[in-house]
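Text of protein_34.cif (mmCIF, C-alpha atoms) as supplied:
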```cif
data_input
loop_
_atom_site.group_PDB
_atom_site.id
_atom_site.type_symbol
_atom_site.label_atom_id
_atom_site.label_comp_id
_atom_site.auth_asym_id
_atom_site.auth_seq_id
_atom_site.Cartn_x
_atom_site.Cartn_y
_atom_site.Cartn_z
ATOM 1 C CA MET A 8 56.540 85.996 62.566
ATOM 2 C CA THR A 9 57.674 85.429 66.150
ATOM 3 C CA GLY A 10 59.936 82.959 67.827
ATOM 4 C CA ALA A 11 62.103 82.561 70.871
ATOM 5 C CA LEU A 12 65.850 82.843 70.658
ATOM 6 C CA THR A 13 67.877 79.761 71.456
ATOM 7 C CA ILE A 14 70.452 80.750 74.059
ATOM 8 C CA PRO A 15 73.293 78.337 74.909
ATOM 9 C CA GLU A 16 73.322 77.122 78.470
ATOM 10 C CA ALA A 17 75.581 79.393 80.491
ATOM 11 C CA ALA A 18 78.475 78.060 82.536
ATOM 12 C CA PRO A 19 78.003 78.557 86.286
ATOM 13 C CA GLY A 20 81.449 80.047 86.604
ATOM 14 C CA ALA A 21 84.806 80.787 85.031
ATOM 15 C CA ARG A 22 88.302 80.279 86.375
ATOM 16 C CA VAL A 23 91.922 80.938 85.504
ATOM 17 C CA LEU A 24 93.760 77.775 84.503
ATOM 18 C CA ALA A 25 97.254 79.231 84.250
ATOM 19 C CA PHE A 26 99.319 82.398 84.050
ATOM 20 C CA GLY A 27 102.334 83.074 81.871
ATOM 21 C CA ASP A 28 104.825 85.904 81.592
ATOM 22 C CA TYR A 29 107.604 87.289 79.462
ATOM 23 C CA ARG A 30 110.291 89.745 80.526
ATOM 24 C CA PRO A 31 112.697 91.162 77.934
ATOM 25 C CA THR A 32 116.322 90.261 78.546
ATOM 26 C CA ARG A 33 117.696 93.802 78.616
ATOM 27 C CA VAL A 34 117.943 95.136 82.173
ATOM 28 C CA VAL A 35 118.251 98.879 82.762
ATOM 29 C CA THR A 36 119.315 99.756 86.286
ATOM 30 C CA ASN A 37 118.965 103.034 88.130
ATOM 31 C CA ASP A 38 122.693 103.571 87.737
ATOM 32 C CA ASP A 39 122.284 103.158 83.981
ATOM 33 C CA LEU A 40 119.666 105.923 83.922
ATOM 34 C CA ALA A 41 121.926 108.155 86.002
ATOM 35 C CA GLN A 42 124.294 108.241 83.009
ATOM 36 C CA THR A 43 121.723 110.124 80.916
ATOM 37 C CA VAL A 44 119.457 112.052 83.321
ATOM 38 C CA GLU A 45 120.035 113.835 86.620
ATOM 39 C CA THR A 46 119.103 111.100 89.080
ATOM 40 C CA ASP A 47 120.593 108.337 91.215
ATOM 41 C CA ASP A 48 119.626 104.992 92.673
ATOM 42 C CA ALA A 49 118.638 106.333 96.093
ATOM 43 C CA TRP A 50 116.402 109.062 94.615
ATOM 44 C CA ILE A 51 114.527 106.603 92.374
ATOM 45 C CA ARG A 52 114.089 103.986 95.103
ATOM 46 C CA SER A 53 112.786 106.557 97.576
ATOM 47 C CA ARG A 54 110.140 107.869 95.181
ATOM 48 C CA VAL A 55 108.910 104.872 93.207
ATOM 49 C CA GLY A 56 110.661 101.825 94.691
ATOM 50 C CA ILE A 57 112.197 100.641 91.427
ATOM 51 C CA ALA A 58 115.707 99.173 91.281
ATOM 52 C CA GLU A 59 115.697 98.039 87.651
ATOM 53 C CA ARG A 60 113.364 97.579 84.703
ATOM 54 C CA ARG A 61 113.207 95.466 81.532
ATOM 55 C CA ILE A 62 113.333 97.116 78.112
ATOM 56 C CA ALA A 63 112.345 95.292 74.923
ATOM 57 C CA GLY A 64 114.653 95.101 71.932
ATOM 58 C CA ASP A 65 114.019 96.703 68.573
ATOM 59 C CA ASP A 66 112.763 93.343 67.264
ATOM 60 C CA GLU A 67 110.293 92.908 70.129
ATOM 61 C CA GLY A 68 106.965 94.637 69.552
ATOM 62 C CA ILE A 69 103.604 94.112 71.218
ATOM 63 C CA VAL A 70 102.913 91.026 69.103
ATOM 64 C CA GLU A 71 106.222 89.360 69.985
ATOM 65 C CA LEU A 72 105.808 90.114 73.690
ATOM 66 C CA GLY A 73 102.235 88.804 73.630
ATOM 67 C CA VAL A 74 103.203 85.615 71.796
ATOM 68 C CA HIS A 75 105.848 84.775 74.404
ATOM 69 C CA ALA A 76 103.550 85.318 77.401
ATOM 70 C CA GLY A 77 100.450 83.848 75.743
ATOM 71 C CA GLY A 78 102.329 80.751 74.658
ATOM 72 C CA LYS A 79 103.607 80.177 78.180
ATOM 73 C CA ALA A 80 100.128 80.547 79.694
ATOM 74 C CA LEU A 81 98.652 78.226 77.079
ATOM 75 C CA ALA A 82 101.332 75.590 77.746
ATOM 76 C CA GLY A 83 100.707 75.812 81.483
ATOM 77 C CA SER A 84 96.942 75.465 81.080
ATOM 78 C CA GLY A 85 97.083 72.021 79.485
ATOM 79 C CA LEU A 86 94.834 73.220 76.662
ATOM 80 C CA SER A 87 95.699 73.222 72.982
ATOM 81 C CA PRO A 88 95.390 76.189 70.600
ATOM 82 C CA SER A 89 92.239 74.610 69.171
ATOM 83 C CA ASP A 90 90.547 74.958 72.574
ATOM 84 C CA ILE A 91 90.838 78.758 72.511
ATOM 85 C CA ASP A 92 88.070 80.623 70.713
ATOM 86 C CA LEU A 93 88.600 84.158 72.016
ATOM 87 C CA VAL A 94 91.787 86.213 72.447
ATOM 88 C CA ILE A 95 91.723 89.552 74.273
ATOM 89 C CA LEU A 96 94.787 91.787 74.334
ATOM 90 C CA ALA A 97 95.004 94.616 76.859
ATOM 91 C CA THR A 98 97.497 97.255 75.763
ATOM 92 C CA CYS A 99 97.880 101.030 75.652
ATOM 93 C CA SER A 100 101.259 101.170 73.916
ATOM 94 C CA ALA A 101 100.581 99.626 70.506
ATOM 95 C CA GLU A 102 102.892 100.686 67.711
ATOM 96 C CA SER A 103 99.969 101.366 65.370
ATOM 97 C CA PRO A 104 96.214 101.781 65.832
ATOM 98 C CA MET A 105 95.202 99.372 63.060
ATOM 99 C CA PRO A 106 95.027 96.441 62.686
ATOM 100 C CA GLY A 107 94.599 95.190 66.218
ATOM 101 C CA HIS A 108 97.339 92.972 67.598
ATOM 102 C CA ALA A 109 95.221 90.231 69.200
ATOM 103 C CA ALA A 110 94.469 88.457 65.926
ATOM 104 C CA GLN A 111 98.149 88.508 64.965
ATOM 105 C CA ILE A 112 99.133 86.984 68.300
ATOM 106 C CA ALA A 113 96.457 84.302 67.914
ATOM 107 C CA HIS A 114 97.722 83.423 64.431
ATOM 108 C CA ARG A 115 101.320 83.176 65.649
ATOM 109 C CA LEU A 116 100.190 80.807 68.417
ATOM 110 C CA GLY A 117 98.275 78.564 65.994
ATOM 111 C CA ILE A 118 94.847 79.556 67.313
ATOM 112 C CA ASP A 119 92.521 79.195 64.343
ATOM 113 C CA ALA A 120 89.896 81.898 63.637
ATOM 114 C CA PRO A 121 89.164 83.037 67.193
ATOM 115 C CA GLY A 122 87.297 86.137 68.185
ATOM 116 C CA ALA A 123 90.104 88.616 68.784
ATOM 117 C CA PHE A 124 90.283 92.240 69.847
ATOM 118 C CA ASP A 125 92.483 94.779 71.583
ATOM 119 C CA LEU A 126 91.282 96.603 74.686
ATOM 120 C CA ASN A 127 92.677 99.860 76.058
ATOM 121 C CA ALA A 128 91.948 100.647 79.676
ATOM 122 C CA ALA A 129 95.613 101.486 80.276
ATOM 123 C CA CYS A 130 96.941 100.124 83.568
ATOM 124 C CA ALA A 131 93.536 98.668 84.484
ATOM 125 C CA GLY A 132 93.389 96.869 81.133
ATOM 126 C CA PHE A 133 94.187 93.366 82.319
ATOM 127 C CA CYS A 134 91.419 93.436 84.932
ATOM 128 C CA TYR A 135 88.974 94.763 82.329
ATOM 129 C CA ALA A 136 90.011 92.025 79.902
ATOM 130 C CA LEU A 137 89.785 89.304 82.553
ATOM 131 C CA ALA A 138 86.271 90.435 83.504
ATOM 132 C CA THR A 139 85.250 90.419 79.827
ATOM 133 C CA ALA A 140 86.667 86.919 79.371
ATOM 134 C CA SER A 141 84.841 85.626 82.440
ATOM 135 C CA ALA A 142 81.562 87.123 81.248
ATOM 136 C CA ALA A 143 81.999 85.620 77.762
ATOM 137 C CA VAL A 144 82.608 82.142 79.171
ATOM 138 C CA ARG A 145 79.711 82.324 81.619
ATOM 139 C CA ALA A 146 77.367 83.591 78.894
ATOM 140 C CA GLY A 147 78.298 80.744 76.563
ATOM 141 C CA SER A 148 79.938 83.068 74.022
ATOM 142 C CA ALA A 149 83.330 81.403 74.412
ATOM 143 C CA ARG A 150 84.678 78.109 75.706
ATOM 144 C CA SER A 151 88.173 79.194 76.690
ATOM 145 C CA VAL A 152 89.807 82.602 76.441
ATOM 146 C CA LEU A 153 93.420 83.721 76.231
ATOM 147 C CA VAL A 154 93.805 87.060 78.026
ATOM 148 C CA ILE A 155 97.040 88.986 77.500
ATOM 149 C CA GLY A 156 98.443 92.212 78.867
ATOM 150 C CA ALA A 157 101.397 93.370 76.743
ATOM 151 C CA GLU A 158 103.148 96.719 76.788
ATOM 152 C CA LYS A 159 106.161 98.349 75.172
ATOM 153 C CA MET A 160 106.027 101.558 77.163
ATOM 154 C CA SER A 161 109.639 102.368 76.303
ATOM 155 C CA GLN A 162 108.644 103.499 72.816
ATOM 156 C CA TRP A 163 106.410 106.212 74.286
ATOM 157 C CA VAL A 164 108.885 107.469 76.892
ATOM 158 C CA ASP A 165 111.033 110.596 76.645
ATOM 159 C CA TRP A 166 114.308 109.211 77.979
ATOM 160 C CA THR A 167 115.435 112.715 78.970
ATOM 161 C CA ASP A 168 112.370 113.229 81.194
ATOM 162 C CA ARG A 169 113.336 112.154 84.692
ATOM 163 C CA SER A 170 109.735 112.058 85.901
ATOM 164 C CA THR A 171 108.748 109.259 83.509
ATOM 165 C CA CYS A 172 111.859 107.453 82.256
ATOM 166 C CA ILE A 173 112.558 106.067 85.727
ATOM 167 C CA ILE A 174 109.104 104.459 85.921
ATOM 168 C CA PHE A 175 107.987 102.735 82.745
ATOM 169 C CA ALA A 176 109.135 99.438 81.270
ATOM 170 C CA ASP A 177 108.197 96.614 78.910
ATOM 171 C CA GLY A 178 106.809 93.093 79.282
ATOM 172 C CA ALA A 179 103.799 90.843 78.893
ATOM 173 C CA GLY A 180 101.660 88.605 81.055
ATOM 174 C CA ALA A 181 98.795 86.301 80.160
ATOM 175 C CA ALA A 182 96.115 84.028 81.584
ATOM 176 C CA VAL A 183 93.905 81.268 80.216
ATOM 177 C CA VAL A 184 90.265 81.440 81.340
ATOM 178 C CA THR A 185 87.792 78.579 80.970
ATOM 179 C CA ALA A 186 84.453 77.354 82.301
ATOM 180 C CA SER A 187 84.168 76.112 85.876
ATOM 181 C CA ASP A 188 81.512 74.332 87.938
ATOM 182 C CA SER A 189 81.893 77.056 90.551
ATOM 183 C CA PRO A 190 83.025 80.684 90.359
ATOM 184 C CA GLY A 191 86.783 81.121 90.183
ATOM 185 C CA ILE A 192 86.693 84.764 89.076
ATOM 186 C CA GLY A 193 84.655 87.091 91.238
ATOM 187 C CA PRO A 194 82.497 90.003 90.108
ATOM 188 C CA VAL A 195 84.459 92.950 88.803
ATOM 189 C CA VAL A 196 84.235 96.358 90.427
ATOM 190 C CA TRP A 197 85.182 98.914 87.825
ATOM 191 C CA GLY A 198 84.813 102.570 87.047
ATOM 192 C CA SER A 199 86.534 105.716 85.865
ATOM 193 C CA ALA A 200 87.285 109.322 86.736
ATOM 194 C CA GLY A 201 87.119 110.963 83.334
ATOM 195 C CA ASP A 202 87.448 114.432 84.778
ATOM 196 C CA LYS A 203 91.072 113.524 85.496
ATOM 197 C CA TYR A 204 91.799 112.149 82.019
ATOM 198 C CA ASP A 205 94.751 114.490 81.523
ATOM 199 C CA LYS A 206 96.693 113.355 84.593
ATOM 200 C CA ILE A 207 98.369 110.538 82.603
ATOM 201 C CA ILE A 208 98.362 111.182 78.885
ATOM 202 C CA ILE A 209 99.988 110.759 75.481
ATOM 203 C CA GLU A 210 98.533 113.676 73.554
ATOM 204 C CA ASP A 211 99.181 112.448 70.005
ATOM 205 C CA ARG A 212 101.349 110.123 67.939
ATOM 206 C CA HIS A 213 104.260 112.551 68.096
ATOM 207 C CA SER A 214 104.190 112.906 71.887
ATOM 208 C CA SER A 215 105.664 111.027 74.828
ATOM 209 C CA ILE A 216 103.835 109.926 77.946
ATOM 210 C CA ARG A 217 103.547 112.517 80.681
ATOM 211 C CA GLN A 218 101.851 112.439 84.039
ATOM 212 C CA GLU A 219 101.108 114.605 87.036
ATOM 213 C CA GLY A 220 102.705 112.329 89.586
ATOM 214 C CA GLN A 221 101.426 113.940 92.767
ATOM 215 C CA ALA A 222 97.846 114.129 91.514
ATOM 216 C CA VAL A 223 97.911 110.475 90.476
ATOM 217 C CA PHE A 224 99.457 109.492 93.809
ATOM 218 C CA ARG A 225 96.741 111.279 95.789
ATOM 219 C CA TRP A 226 93.974 109.751 93.671
ATOM 220 C CA ALA A 227 95.334 106.201 93.796
ATOM 221 C CA THR A 228 96.020 106.204 97.532
ATOM 222 C CA THR A 229 92.559 107.613 98.257
ATOM 223 C CA ALA A 230 90.224 106.002 95.721
ATOM 224 C CA ILE A 231 91.543 102.494 95.109
ATOM 225 C CA ALA A 232 91.448 100.813 98.533
ATOM 226 C CA PRO A 233 87.624 101.131 98.742
ATOM 227 C CA VAL A 234 87.348 99.573 95.264
ATOM 228 C CA ALA A 235 89.537 96.676 96.410
ATOM 229 C CA ALA A 236 87.438 96.190 99.542
ATOM 230 C CA GLU A 237 84.231 96.164 97.488
ATOM 231 C CA ALA A 238 85.665 93.502 95.166
ATOM 232 C CA CYS A 239 86.295 91.304 98.208
ATOM 233 C CA GLU A 240 82.765 91.919 99.477
ATOM 234 C CA ARG A 241 81.209 91.022 96.122
ATOM 235 C CA ALA A 242 83.258 87.827 96.065
ATOM 236 C CA GLY A 243 81.910 86.867 99.487
ATOM 237 C CA ILE A 244 85.187 87.134 101.387
ATOM 238 C CA THR A 245 86.967 89.605 103.660
ATOM 239 C CA PRO A 246 90.417 91.093 103.029
ATOM 240 C CA LYS A 247 91.789 88.857 105.784
ATOM 241 C CA ASP A 248 90.820 85.810 103.693
ATOM 242 C CA LEU A 249 93.154 86.857 100.887
ATOM 243 C CA ALA A 250 96.357 84.925 100.233
ATOM 244 C CA ALA A 251 97.642 87.561 97.807
ATOM 245 C CA VAL A 252 97.067 91.187 96.896
ATOM 246 C CA VAL A 253 98.253 92.032 93.383
ATOM 247 C CA PRO A 254 97.832 95.730 92.634
ATOM 248 C CA HIS A 255 98.972 97.317 89.404
ATOM 249 C CA GLN A 256 102.692 97.862 89.844
ATOM 250 C CA ALA A 257 102.601 101.633 89.528
ATOM 251 C CA ASN A 258 104.712 102.808 92.436
ATOM 252 C CA LEU A 259 105.834 100.888 95.518
ATOM 253 C CA ARG A 260 104.571 103.640 97.832
ATOM 254 C CA ILE A 261 101.106 103.442 96.236
ATOM 255 C CA ILE A 262 101.106 99.634 96.493
ATOM 256 C CA GLU A 263 102.032 99.749 100.177
ATOM 257 C CA ALA A 264 99.412 102.426 100.922
ATOM 258 C CA ILE A 265 96.621 100.409 99.275
ATOM 259 C CA ALA A 266 97.633 97.224 101.105
ATOM 260 C CA ARG A 267 97.816 99.062 104.416
ATOM 261 C CA LYS A 268 94.346 100.576 104.032
ATOM 262 C CA LEU A 269 92.872 97.253 102.871
ATOM 263 C CA LYS A 270 94.166 95.471 106.003
ATOM 264 C CA ALA A 271 94.734 92.184 104.193
ATOM 265 C CA THR A 272 96.979 91.049 107.021
ATOM 266 C CA ASN A 273 97.399 87.442 105.849
ATOM 267 C CA ALA A 274 98.202 88.243 102.226
ATOM 268 C CA VAL A 275 101.449 88.386 100.307
ATOM 269 C CA VAL A 276 101.559 91.767 98.558
ATOM 270 C CA ALA A 277 103.097 91.809 95.082
ATOM 271 C CA ASP A 278 106.186 93.980 94.701
ATOM 272 C CA ASP A 279 107.241 93.023 91.191
ATOM 273 C CA ILE A 280 107.770 96.698 90.398
ATOM 274 C CA VAL A 281 111.140 96.612 92.155
ATOM 275 C CA HIS A 282 112.692 94.542 89.369
ATOM 276 C CA SER A 283 110.220 94.990 86.491
ATOM 277 C CA GLY A 284 109.178 98.641 86.631
ATOM 278 C CA ASN A 285 105.719 99.871 85.668
ATOM 279 C CA THR A 286 104.485 97.794 82.718
ATOM 280 C CA SER A 287 100.922 99.141 82.653
ATOM 281 C CA ALA A 288 98.431 96.439 81.576
ATOM 282 C CA ALA A 289 101.128 93.765 81.790
ATOM 283 C CA SER A 290 102.039 94.388 85.414
ATOM 284 C CA ILE A 291 99.331 92.368 87.193
ATOM 285 C CA PRO A 292 99.748 89.102 85.249
ATOM 286 C CA LEU A 293 103.540 89.528 85.353
ATOM 287 C CA ALA A 294 103.431 89.818 89.130
ATOM 288 C CA MET A 295 100.898 87.005 89.592
ATOM 289 C CA SER A 296 102.872 84.650 87.370
ATOM 290 C CA ARG A 297 106.083 85.293 89.282
ATOM 291 C CA MET A 298 104.397 84.745 92.659
ATOM 292 C CA ILE A 299 103.012 81.403 91.492
ATOM 293 C CA GLU A 300 106.342 80.272 90.012
ATOM 294 C CA ARG A 301 108.211 81.125 93.214
ATOM 295 C CA GLY A 302 105.661 79.294 95.352
ATOM 296 C CA ASP A 303 104.748 82.452 97.242
ATOM 297 C CA VAL A 304 101.015 81.687 97.096
ATOM 298 C CA PRO A 305 99.003 78.463 97.420
ATOM 299 C CA SER A 306 96.921 77.056 94.580
ATOM 300 C CA GLY A 307 93.185 77.413 95.174
ATOM 301 C CA ALA A 308 93.481 80.369 97.540
ATOM 302 C CA PRO A 309 91.887 83.767 96.803
ATOM 303 C CA ALA A 310 93.928 86.608 95.322
ATOM 304 C CA LEU A 311 92.819 90.181 94.757
ATOM 305 C CA LEU A 312 93.761 91.816 91.456
ATOM 306 C CA VAL A 313 93.346 95.587 91.254
ATOM 307 C CA GLY A 314 94.311 97.790 88.322
ATOM 308 C CA PHE A 315 94.270 101.585 88.089
ATOM 309 C CA GLY A 316 95.783 104.237 85.872
ATOM 310 C CA ALA A 317 95.294 106.435 82.830
ATOM 311 C CA GLY A 318 91.759 107.326 81.969
ATOM 312 C CA LEU A 319 91.586 107.486 84.921
ATOM 313 C CA SER A 320 90.212 103.949 84.974
ATOM 314 C CA TYR A 321 90.177 101.250 87.636
ATOM 315 C CA ALA A 322 88.985 97.682 88.124
ATOM 316 C CA ALA A 323 89.320 94.925 90.702
ATOM 317 C CA GLN A 324 88.259 91.309 91.124
ATOM 318 C CA VAL A 325 89.082 88.331 93.310
ATOM 319 C CA ILE A 326 90.300 85.168 91.602
ATOM 320 C CA GLN A 327 91.106 81.665 92.720
ATOM 321 C CA ILE A 328 94.831 81.129 92.257
ATOM 322 C CA PRO A 329 95.444 78.357 89.693
#
```
Please, can you express the file's structure as structure tokens?
Amino acid sequence: MTGALTIPEAAPGARVLAFGDYRPTRVVTNDDLAQTVETDDAWIRSRVGIAERRIAGDDEGIVELGVHAGGKALAGSGLSPSDIDLVILATCSAESPMPGHAAQIAHRLGIDAPGAFDLNAACAGFCYALATASAAVRAGSARSVLVIGAEKMSQWVDWTDRSTCIIFADGAGAAVVTASDSPGIGPVVWGSAGDKYDKIIIEDRHSSIRQEGQAVFRWATTAIAPVAAEACERAGITPKDLAAVVPHQANLRIIEAIARKLKATNAVVADDIVHSGNTSAASIPLAMSRMIERGDVPSGAPALLVGFGAGLSYAAQVIQIP
């Protein structure tokens, strides 16, 4: 018995309707950290560019962070919970490995029976999730997708380790993706350097995050700019066409080096790390949401998103700013 499959008509493109963010209320400054570890404000600013970071409360886990950011993105999109049929959560700092958190977030937001899964590509996770959402919409597997990056890095940090406690923070960002008559999310350029897996690592459930800072710095400042340039090329634009460059907020020196090598001379470069710290998979949507809210970037213009981090994994794509 033979027969042809019936495949739903694919959408010609996908686009981001809205971003949303959530930043915990507790602010930890560099001077605060200097009370517990041997450091000071000038030392931290000179090495990573961070002035302060947000730390979630004991009652704020990944689900709570994701609900806040996802709800804000959903409200800004003009869609209702019933319009969402897929929820993707990018996170590498979940409190427990099972069950996944995406379905819990969807339930809390009133999204009924969506496809839902967690994705771990560490600091590149949001870009991976956004690419997956775009592909699902264009293939006809989903109508509209809620993509969330949520991290509570503070629960995996050794607060006596100066090399990491100055960097990591908590927060969540989200985006709503839906079908479009023309492409609003460009092709993703992604990859990994698995031979360097141990450069940023949490070895087991009893361990804290550790990283080889200099090795990561050299890799990021060498390998990521070409990935960003290729994402622009695949989207049919040049770096000079960009209105915004939104790298993962890992380290201000890394961000500035990538932007300098990319030569996106007309773009606003995100520097959310200064006041939010490194929030891994949450950092790109957090930064993008803030830039839009402040009016730093024009609606409809192209923005480059580029994530990179543990794995070592990386991904980049150009989007049309909602």
What lies within 9 Å of range 211-216 of chain A using all atoms listed in the file, ignoring chain neighbours under 3 positions off, as a PDB file with C-alpha atoms, keeping the file's coordinate frame?
```
ATOM      1  CA  MET A 160     106.027 101.558  77.163  1.00  0.00           C
ATOM      2  CA  GLN A 162     108.644 103.499  72.816  1.00  0.00           C
ATOM      3  CA  TRP A 163     106.410 106.212  74.286  1.00  0.00           C
ATOM      4  CA  VAL A 164     108.885 107.469  76.892  1.00  0.00           C
ATOM      5  CA  ASP A 165     111.033 110.596  76.645  1.00  0.00           C
ATOM      6  CA  THR A 171     108.748 109.259  83.509  1.00  0.00           C
ATOM      7  CA  ILE A 207      98.369 110.538  82.603  1.00  0.00           C
ATOM      8  CA  ILE A 208      98.362 111.182  78.885  1.00  0.00           C
TER       9      ILE A 208
END
```
Report task. Please determine the residues with any atom at most 6 Å from (97.4, 103.6, 96.9) (coordinates as given in the file, with only C-alpha atoms counting) and report them as a ChimeraX atom specification. Result -> /A:227-228,261-262,264-265
Report task. Find, counting all atoms listed in the file, the residue in A:Ile244, A:Cys130, A:Ile91, A:Ile57 that gets nearest to Leu319 in chain A. Result -> A:Cys130
Report task. Go through A:Val152, A:Ala123, A:Ala143, A:Ala277 one by one, measure the shortest atom-to-atom distance of each to Leu312 in chain A using all atoms listed in the file, and give the residue with the smallest value. Result -> A:Ala277
Could you give me, as a JSON list (two decimals) with C-alpha atoms, keeping the file's coordinate frame, the residues within 6 Å of range 173-179 of chain A, counting only C-alpha atoms and dropping anything in the same chain fewer than 6 positions from it?
```
[["chain", "number", "residue", "atom", "x", "y", "z"],
["A", 28, "ASP", "CA", 104.82, 85.90, 81.59],
["A", 29, "TYR", "CA", 107.60, 87.29, 79.46],
["A", 30, "ARG", "CA", 110.29, 89.74, 80.53],
["A", 60, "ARG", "CA", 113.36, 97.58, 84.70],
["A", 61, "ARG", "CA", 113.21, 95.47, 81.53],
["A", 62, "ILE", "CA", 113.33, 97.12, 78.11],
["A", 63, "ALA", "CA", 112.34, 95.29, 74.92],
["A", 72, "LEU", "CA", 105.81, 90.11, 73.69],
["A", 73, "GLY", "CA", 102.24, 88.80, 73.63],
["A", 76, "ALA", "CA", 103.55, 85.32, 77.40],
["A", 156, "GLY", "CA", 98.44, 92.21, 78.87],
["A", 157, "ALA", "CA", 101.40, 93.37, 76.74],
["A", 158, "GLU", "CA", 103.15, 96.72, 76.79],
["A", 159, "LYS", "CA", 106.16, 98.35, 75.17],
["A", 160, "MET", "CA", 106.03, 101.56, 77.16],
["A", 161, "SER", "CA", 109.64, 102.37, 76.30],
["A", 284, "GLY", "CA", 109.18, 98.64, 86.63],
["A", 285, "ASN", "CA", 105.72, 99.87, 85.67],
["A", 286, "THR", "CA", 104.48, 97.79, 82.72],
["A", 289, "ALA", "CA", 101.13, 93.76, 81.79]]
```
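Here CA of Gly56 in chain A is placed at a distance of 6.4 Å from CA of Asn258 in chain A.
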Query raised in the report: Could you spell out the hits of the PyMOL selection byres ((chain A and resi 308) around 6) on the shown file, as a list of chain:residue names?
Result: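 Taken on the displayed file, the PyMOL selection byres ((chain A and resi 308) around 6) yields the residues A:Pro305, A:Ser306, A:Gly307, A:Pro309, A:Gln327, A:Ile328.
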Please produce an output containing C-alpha atoms for each residue in the selection, written as a PDB file, in the coordinates of the input.
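After the write, selection_0.pdb holds the following:
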```pdb
ATOM      1  CA  PRO A 305      99.003  78.463  97.420  1.00  0.00           C
ATOM      2  CA  SER A 306      96.921  77.056  94.580  1.00  0.00           C
ATOM      3  CA  GLY A 307      93.185  77.413  95.174  1.00  0.00           C
ATOM      4  CA  PRO A 309      91.887  83.767  96.803  1.00  0.00           C
ATOM      5  CA  GLN A 327      91.106  81.665  92.720  1.00  0.00           C
ATOM      6  CA  ILE A 328      94.831  81.129  92.257  1.00  0.00           C
TER       7      ILE A 328
END
```
Query raised in the report: With all atoms listed in the file as the basis for distance, which of A:Gly302, A:Pro246, A:Pro329, A:Gly180 is at the shortest distance from Lys79 in chain A?
Result: A:Gly180
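Omitting Gly27 in chain A and its sequence neighbours fewer than 6 positions away, and counting all atoms listed in the file, the residues within 10 Å are His75, Ala76, Gly77, Gly78, Lys79, Ala80, Leu81, Ala82, Gly83, Ser84, Ile155, Ala179, Gly180, Ala181, Ala182, Val183, Pro292, Leu293, Ala294, Met295, Ser296, Arg297, Ile299 and Glu300 of chain A.
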Query raised in the report: Could you spell out the hits of the PyMOL selection byres ((chain A and resi 238) around 10) on the shown file, as a list in words?
Result: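 On this input, the PyMOL selection byres ((chain A and resi 238) around 10) captures Gly193, Pro194, Val195, Val196, Trp197, Ala232, Pro233, Val234, Ala235, Ala236, Glu237, Cys239, Glu240, Arg241, Ala242, Gly243, Ile244, Thr245, Pro246, Leu311, Leu312, Val313, Ala322, Ala323, Gln324 and Val325 of chain A.
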Report the closest atom pair, with its distance in Å rounded to one decimal, for each residue of range 22-114 of chain A that has an atom no farther than 10 Å from range 144-149 of chain A; count only C-alpha atoms, sort by chain and then rising residue number, and write it as a Markdown table.
```
| residue | atom | partner | partner_atom | distance |
| --- | --- | --- | --- | --- |
| A:Arg22 | CA | A:Val144 | CA | 9.4 |
| A:Asp90 | CA | A:Ala149 | CA | 9.8 |
| A:Ile91 | CA | A:Ala149 | CA | 8.2 |
| A:Asp92 | CA | A:Ala149 | CA | 6.1 |
| A:Leu93 | CA | A:Ala149 | CA | 6.4 |
| A:Val94 | CA | A:Ala149 | CA | 9.9 |
```
Report task. Return the single residue from A:Ser170, A:Ser283, A:Asp125, A:Asp188 that is closest to Trp50 in chain A, with distances computed using only C-alpha atoms. Result ->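 The closest residue to Trp50 in chain A is A:Ser170.
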Query - Nearest-residue call for Ser89 in chain A, choices A:Ala49, A:Leu126, A:Ala41, A:Leu153, using only C-alpha atoms - result: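 For Ser89 in chain A, the nearest of the given residues is A:Leu153.
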Query raised in the report: CA of Gly220 in chain A and CA of Cys172 in chain A are how many Å apart?
Result: 12.7 Å
Query raised in the report: By how many Å are CA of Val252 in chain A and CA of Ala140 in chain A apart?
Result: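 Answer for the CA of Val252 in chain A to CA of Ala140 in chain A separation: 20.8 Å.
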Query raised in the report: Using only C-alpha atoms, which of A:Leu12, A:Pro88, A:Ala21, A:Arg260 sits nearest Ile192 in chain A?
Result: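 Between A:Leu12, A:Pro88, A:Ala21, A:Arg260, the residue approaching Ile192 in chain A most closely is A:Ala21.
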